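Source file: model.cif (mmCIF, C-alpha atoms)
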```cif
data_model
#
loop_
_atom_site.label_atom_id
_atom_site.label_comp_id
_atom_site.auth_asym_id
_atom_site.auth_seq_id
_atom_site.Cartn_x
_atom_site.Cartn_y
_atom_site.Cartn_z
CA MET A 1 7.43 10.22 -34.01
CA ARG A 2 7.80 11.00 -30.31
CA GLY A 3 7.48 14.49 -29.07
CA ILE A 4 9.07 16.13 -26.06
CA GLY A 5 5.95 15.60 -23.95
CA ALA A 6 5.88 11.84 -24.61
CA CYS A 7 8.81 11.15 -22.30
CA LEU A 8 7.75 10.08 -18.82
CA PRO A 9 10.22 10.24 -15.90
CA ASP A 10 10.48 6.42 -15.66
CA SER A 11 11.11 5.84 -19.35
CA CYS A 12 13.04 8.99 -20.16
CA ARG A 13 16.71 8.72 -21.08
CA TYR A 14 17.32 11.81 -18.96
CA ARG A 15 16.20 9.97 -15.84
CA HIS A 16 19.34 10.93 -13.91
CA PHE A 17 18.07 14.49 -13.68
CA VAL A 18 15.06 13.27 -11.69
CA GLU A 19 16.77 10.79 -9.36
CA PRO A 20 18.78 12.12 -6.40
CA PRO A 21 22.53 11.55 -6.69
CA LEU A 22 24.26 9.03 -4.45
CA GLN A 23 25.94 10.52 -1.44
CA PRO A 24 29.31 9.16 -0.20
CA SER A 25 27.67 8.21 3.10
CA ASN A 26 25.14 6.01 1.25
CA LEU A 27 27.81 3.91 -0.45
CA GLY A 28 28.85 0.74 1.36
CA GLY A 29 26.31 1.14 4.14
CA GLY A 30 28.61 3.14 6.41
CA ASN A 31 28.59 6.75 7.48
CA MET A 32 32.29 7.23 6.84
CA ASN A 33 33.59 10.33 5.18
CA TRP A 34 35.38 8.78 2.19
CA ALA A 35 37.38 11.92 1.49
CA TRP A 36 38.84 11.69 4.99
CA ALA A 37 39.72 7.99 4.58
CA PHE A 38 41.34 8.64 1.19
CA GLY A 39 43.29 11.56 2.69
CA ILE A 40 44.57 9.31 5.47
CA LEU A 41 45.72 6.78 2.87
CA ILE A 42 47.53 9.49 0.90
CA LEU A 43 49.04 10.90 4.10
CA SER A 44 50.40 7.47 5.05
CA ILE A 45 52.50 7.35 1.87
CA VAL A 46 54.93 9.92 3.29
CA PRO A 47 55.94 7.94 6.41
CA GLY A 48 55.99 4.76 4.34
CA ILE A 49 58.53 6.11 1.86
CA ILE A 50 60.65 8.11 4.31
CA GLY A 51 60.52 5.46 7.03
CA GLY A 52 61.33 2.73 4.54
CA GLY A 53 64.35 4.71 3.35
CA LEU A 54 65.54 5.31 6.90
CA PHE A 55 65.17 1.66 7.83
CA TRP A 56 67.09 0.67 4.71
CA HIS A 57 69.80 3.24 5.53
CA PHE A 58 70.30 2.03 9.10
CA PHE A 59 69.80 -1.74 8.69
CA GLU A 60 70.40 -2.40 4.96
CA LYS A 61 67.99 -5.34 5.06
CA TRP A 62 64.66 -5.70 3.33
CA THR A 63 63.17 -7.48 6.32
CA ALA A 64 63.47 -4.31 8.42
CA VAL A 65 61.74 -2.31 5.67
CA VAL A 66 58.95 -4.89 5.36
CA VAL A 67 58.46 -4.96 9.15
CA TRP A 68 58.19 -1.14 9.15
CA GLU A 69 55.61 -1.23 6.35
CA VAL A 70 53.54 -3.89 8.16
CA ILE A 71 53.60 -1.85 11.39
CA LEU A 72 52.56 1.25 9.44
CA LEU A 73 49.76 -0.67 7.75
CA PHE A 74 48.52 -1.88 11.14
CA LEU A 75 48.55 1.67 12.55
CA LEU A 76 46.73 2.95 9.47
CA SER A 77 44.02 0.32 9.84
CA VAL A 78 43.58 1.27 13.52
CA VAL A 79 43.20 4.96 12.64
CA ILE A 80 40.67 4.27 9.89
CA SER A 81 38.66 1.85 12.04
CA LYS A 82 38.48 4.43 14.85
CA GLY A 83 37.27 6.94 12.27
CA TYR A 84 34.48 4.53 11.32
CA LYS A 85 33.47 4.11 14.96
CA LYS A 86 33.41 7.86 15.56
CA ALA A 87 31.32 8.40 12.42
CA GLU A 88 28.80 5.79 13.57
CA GLU A 89 28.51 7.39 17.02
CA LYS A 90 27.74 10.82 15.56
CA HIS A 91 25.02 9.58 13.22
#
```
Go ahead and render the structure in this file as structure tokens.
Amino acid sequence: MRGIGACLPDSCRYRHFVEPPLQPSNLGGGNMNWAWAFGILILSIVPGIIGGGLFWHFFEKWTAVVVWEVILLFLLSVVISKGYKKAEEKH
């Protein structure tokens, strides 16, 4: 029968209390603030939906809507990549 004192930190099932938690900056090797990137993604939904509706209203063609979404995706990738570069410069 094992007692409470028989549990060492390496073999204990409560090991996660001893190890430091992972920080968002440690995941993926970058120093990016993941909450900021996720917020930018959520924020881009609004222009995607409203812009797509406006393009459909004015042109009534799916190609115009798809072109708008591709342009928006390109702009979003530029904003997020600049955020990565700024985060690397600060750290």
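Between atom CA of Pro47 of chain A and atom CA of Leu72 of chain A the separation is 8.1 Å.
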* Asked: the PyMOL selection byres ((chain A and resi 48) around 10) on the file shown: which residues, as JSON, numbers by chain?
  -> {"A": [43, 44, 45, 46, 47, 49, 50, 51, 52, 53, 54, 65, 68, 69, 70, 71, 72, 73]}
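Computed from the coordinates, the atom CA of Val78 of chain A to atom CA of Asn33 of chain A distance equals 15.9 Å.
In this model, the gap between atom CA of Gly83 of chain A and atom CA of Ile42 of chain A comes to 15.5 Å.
For the structure in this document, the set picked by the PyMOL selection byres ((chain A and resi 80) around 10) is Met32, Trp36, Ala37, Phe38, Ile40, Leu41, Leu75, Leu76, Ser77, Val78, Val79, Ser81, Lys82, Gly83, Tyr84, Lys85 and Lys86 of chain A.
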